[in-house]
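Peer 1: Quick one: this structure, given as structure tokens, is what I'll be asking you about.
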Amino acid sequence: MTLEGRVALVAGATRGAGRGIAVELGARGATVYVSGRSTRGRRSEYDRPETIEETAELVTAAGGRGIAVVADHLVPAEVEALVGRIDAEQGRLDVLVNDIWGGELLFEWDSTVWEHDLDKGLRLMRLAVETHAITSHFAVPLLLREPGGLVVEMTDGTADYNASRYRVSFFYDIAKSSVLRMAFALGHELGPRGATAVALTPGWLRSEMMLDAFGVTEETWRDALVRVPHFAISETPAYVGRAVAALAADPEVSRFNGGSLSSGQLAQVYGFTDLDGSRPDAWRYLVEVQDPGRPADTTGYR
């Protein structure tokens, strides 16, 4: 289904899942505001080449209308101005994707709360949790102006998976679990008002930073399997982008209100595929293959 005439805000769309989501919403014809801190004139502390202008251009090239807006989502005044601009230019907001993260350089694997750098841990939690709350505070009233609005809270892990597993470190675990609960709470508040909120996780994402970490490109990503065989279940950012686009186009999306969803799960519901035509189901794979220590084998999982 087309998303022409619909307006979306992808908060944190500079790279990774946010960029993939913005582009796939554009491919359905939506007008997509993409926000972030990295621009062609100034990089964030990530010091990476991806920019919000580039994301907006990719949205437009895909068939939508991409609009880049510089915003630090930890600064309420900047978020308020961003939403005010959307209101002034469009008069509506149909889809809000809270994908702000910014924690890749801050978390420490398997580091206890007393060993983890405190400043980095607290910064991670602010970037991962406060930004989402600030953005929803200002954007949801505009989203509620028309019935059928959708809020997507992006996280890492499903509610079932995270409930019984320690995720990376104290600060990371708390941050990602908090976003899952945010979607539940928003669902409680939005449902009676004609809107829907969900939590959504990609699987093992082949983001720009992940590809760089493995020393591969999207074209050569399978070379990394020699070192990390389970990387075979990984997926492109377009996959979770198609999940969001499918949710946004679904007139019965309210059946998922307050729930925790994954890209692989929604691929089975809506029938979309990743760019290579496969349907990776990473979270089922983790539970049934990777976590039990079985040899890497994606047969039946993509």
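Ordered as shown in the structure tokens, chains take letters A, B, and onward, while each chain numbers its residues from 1 and ligands are numbered from 1 in the order shown.
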Give the strand (DSSP E or B) residues of range 161-222 of chain A, as DSSP finds them on the backbone, and put them as a list of chain:residue names.
Peer 2: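 Result set for range 161-222 of chain A (strand (DSSP E or B)): A:Thr196, A:Ala197, A:Val198, A:Ala199, A:Leu200, A:Thr201, A:Leu205.
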Peer 1: Can those selected residues be exported to a file as a compact mmCIF listing (two decimals), in the first residue's frame so that it contains C-alpha atoms?
Peer 2:
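Heads up, here's the output in result-v5.txt:
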# COMPACT_ATOMS: atom_id res chain seq x y z
CA THR A 196 -0.66 2.80 17.94
CA ALA A 197 2.76 2.37 19.55
CA VAL A 198 5.08 -0.61 19.10
CA ALA A 199 8.63 -1.60 19.93
CA LEU A 200 10.62 -2.95 17.01
CA THR A 201 14.02 -4.61 16.81
CA LEU A 205 22.14 -5.42 11.47
Peer 1: So which residues touch range 180-195 of chain A within 7 Å, counting only C-alpha atoms, skipping near sequence neighbours fewer than 2 positions away, as a PyMOL selection string?
Peer 2: chain A and resi 144+147-150+153+155+159+176-178+197-199+257-260
Peer 1: Can you pull out every residue within 12 Å of Glu89 in chain A, counting only C-alpha atoms, but drop anything in the same chain fewer than 5 positions away, and send it as a list in words?
Peer 2: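 Neighbouring residues, sequence-local ones excluded: Val7, Thr31, Tyr33, Ile67, Leu82, Val83 and Gly84 of chain A.
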Peer 1: Write a file of the selected residues as a PDB file, in the first residue's frame, keeping N, CA and C atoms.
Peer 2:
ATOM      1  N   VAL A   7       3.030  11.682   6.389  1.00  0.00           N
ATOM      2  CA  VAL A   7       4.212  12.412   6.860  1.00  0.00           C
ATOM      3  C   VAL A   7       4.845  11.635   8.002  1.00  0.00           C
ATOM      4  N   THR A  31       6.404  11.543   2.779  1.00  0.00           N
ATOM      5  CA  THR A  31       7.285  12.675   3.081  1.00  0.00           C
ATOM      6  C   THR A  31       7.954  12.359   4.401  1.00  0.00           C
ATOM      7  N   TYR A  33      10.754  13.435   7.281  1.00  0.00           N
ATOM      8  CA  TYR A  33      11.704  14.322   7.942  1.00  0.00           C
ATOM      9  C   TYR A  33      12.738  13.450   8.630  1.00  0.00           C
ATOM     10  N   ILE A  67      13.446  15.323   3.857  1.00  0.00           N
ATOM     11  CA  ILE A  67      13.732  16.656   4.389  1.00  0.00           C
ATOM     12  C   ILE A  67      14.646  16.500   5.597  1.00  0.00           C
ATOM     13  N   LEU A  82      11.785  21.398  15.776  1.00  0.00           N
ATOM     14  CA  LEU A  82      11.637  20.424  14.700  1.00  0.00           C
ATOM     15  C   LEU A  82      10.168  20.059  14.493  1.00  0.00           C
ATOM     16  N   VAL A  83       9.469  19.746  15.564  1.00  0.00           N
ATOM     17  CA  VAL A  83       8.053  19.392  15.454  1.00  0.00           C
ATOM     18  C   VAL A  83       7.237  20.596  15.005  1.00  0.00           C
ATOM     19  N   GLY A  84       7.604  21.778  15.485  1.00  0.00           N
ATOM     20  CA  GLY A  84       6.910  22.986  15.038  1.00  0.00           C
ATOM     21  C   GLY A  84       7.053  23.212  13.543  1.00  0.00           C
TER      22      GLY A  84
END
Peer 1: Counting only C-alpha atoms, what are the residues of range 143-234 of chain A within 12 Å of range 49-62 of chain A, and for each of them which pair of atoms is the nearest and at what distance in Å, to one decimal? Sort the table by chain and rising number, as a Markdown table.
Peer 2:
| residue | atom | partner | partner_atom | distance |
| --- | --- | --- | --- | --- |
| A:Ser207 | CA | A:Glu50 | CA | 11.3 |
| A:Glu208 | CA | A:Glu50 | CA | 8.7 |
| A:Met209 | CA | A:Glu50 | CA | 10.3 |
Peer 1: Give the answer as one residue: which of A:Val129, A:Val240, A:Leu275, A:Ala267 has the shortest atom-to-atom distance to Gly20 in chain A, using only C-alpha atoms?
Peer 2: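 Nearest candidate to Gly20 in chain A out of A:Val129, A:Val240, A:Leu275, A:Ala267: A:Val240.
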Peer 1: Give me the residues within 7 Å of Asn98 in chain A as a PyMOL selection string, counting only C-alpha atoms and dropping any in the same chain fewer than 5 places off.
Peer 2: chain A and resi 10-11+132+152-154
Peer 1: Might you pull out every residue within 8 Å of Leu143 in chain A, with only C-alpha atoms counted and same-chain residues fewer than 6 positions away left off, and present them as a VMD selection string?
Peer 2: chain A and resid 92 to 96 149 to 150
Peer 1: Can you tell me which residues surround Ala249 in chain A at a distance of at most 8 Å, considering only C-alpha atoms, apart from same-chain residues fewer than 2 positions away, and format the answer as a list in words?
Peer 2: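 With the cut-off at 8 Å, the set is Met1, Thr2, Leu3, Ala245, Ala246, Leu247 and Pro251 of chain A.
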Peer 1: Let's have the selection written as a PDB file, in the first residue's frame, with N, CA and C atoms.
Peer 2:
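out-v8.pdb, written as the output of this step:
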ATOM      1  N   MET A   1       0.833  -1.189   0.000  1.00  0.00           N
ATOM      2  CA  MET A   1       0.000   0.000   0.000  1.00  0.00           C
ATOM      3  C   MET A   1       0.869   1.241   0.000  1.00  0.00           C
ATOM      4  N   THR A   2       0.414   2.269  -0.672  1.00  0.00           N
ATOM      5  CA  THR A   2       1.174   3.505  -0.769  1.00  0.00           C
ATOM      6  C   THR A   2       1.086   4.301   0.527  1.00  0.00           C
ATOM      7  N   LEU A   3       2.103   5.103   0.759  1.00  0.00           N
ATOM      8  CA  LEU A   3       2.105   6.037   1.875  1.00  0.00           C
ATOM      9  C   LEU A   3       2.103   7.473   1.371  1.00  0.00           C
ATOM     10  N   ALA A 245       7.591   0.319   7.141  1.00  0.00           N
ATOM     11  CA  ALA A 245       6.706   0.735   6.054  1.00  0.00           C
ATOM     12  C   ALA A 245       5.449  -0.123   6.015  1.00  0.00           C
ATOM     13  N   ALA A 246       5.601  -1.427   6.259  1.00  0.00           N
ATOM     14  CA  ALA A 246       4.439  -2.316   6.267  1.00  0.00           C
ATOM     15  C   ALA A 246       3.496  -1.979   7.416  1.00  0.00           C
ATOM     16  N   LEU A 247       4.060  -1.707   8.591  1.00  0.00           N
ATOM     17  CA  LEU A 247       3.234  -1.306   9.725  1.00  0.00           C
ATOM     18  C   LEU A 247       2.484  -0.006   9.427  1.00  0.00           C
ATOM     19  N   PRO A 251      -3.894  -0.863   7.781  1.00  0.00           N
ATOM     20  CA  PRO A 251      -5.037  -0.228   8.434  1.00  0.00           C
ATOM     21  C   PRO A 251      -5.436  -0.913   9.740  1.00  0.00           C
TER      22      PRO A 251
END
Peer 1: So that I can see what lies close to range 214-231 of chain A, please list as a list in words the residues with an atom at most 12 Å from it, counting only C-alpha atoms and leaving out residues fewer than 4 positions away in the same chain.
Peer 2: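 Once the nearby chain positions are removed, what remains is Gly203, Trp204, Leu205, Arg206, Ser207, Glu208, Met209, Met210, Glu235, Thr236, Pro237, Ala238, Leu275, Asp276, Pro280, Ala282, Tyr285, Leu286, Val289, Gln290, Asp291, Gly293, Arg294, Pro295, Ala296, Asp297, Thr298, Thr299 and Tyr301 of chain A.
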Peer 1: Would you please give, as a PyMOL selection string, all residues of range 1-167 of chain A that DSSP assigns to alpha helix (DSSP H) based on the backbone?
Peer 2: chain A and resi 16-27+52-62+76-90+118-125+131-143+159-163
Peer 1: Considering only C-alpha atoms, state which residue in the set A:Ser263, A:Ser278, A:Thr39, A:Thr112 is at the smallest distance from Phe171 in chain A.
Peer 2: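 Of the candidates, the smallest distance to Phe171 in chain A is held by A:Thr112.
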Peer 1: Between CA of Pro202 in chain A and CA of His116 in chain A, what is the distance in Å, rounded to a tenth?
Peer 2: 26.1 Å
Peer 1: Quick one: distance from CA of His137 in chain A to CA of Ala17 in chain A in Å, one decimal?
Peer 2: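 Computed distance, CA of His137 in chain A to CA of Ala17 in chain A, equals 22.3 Å.
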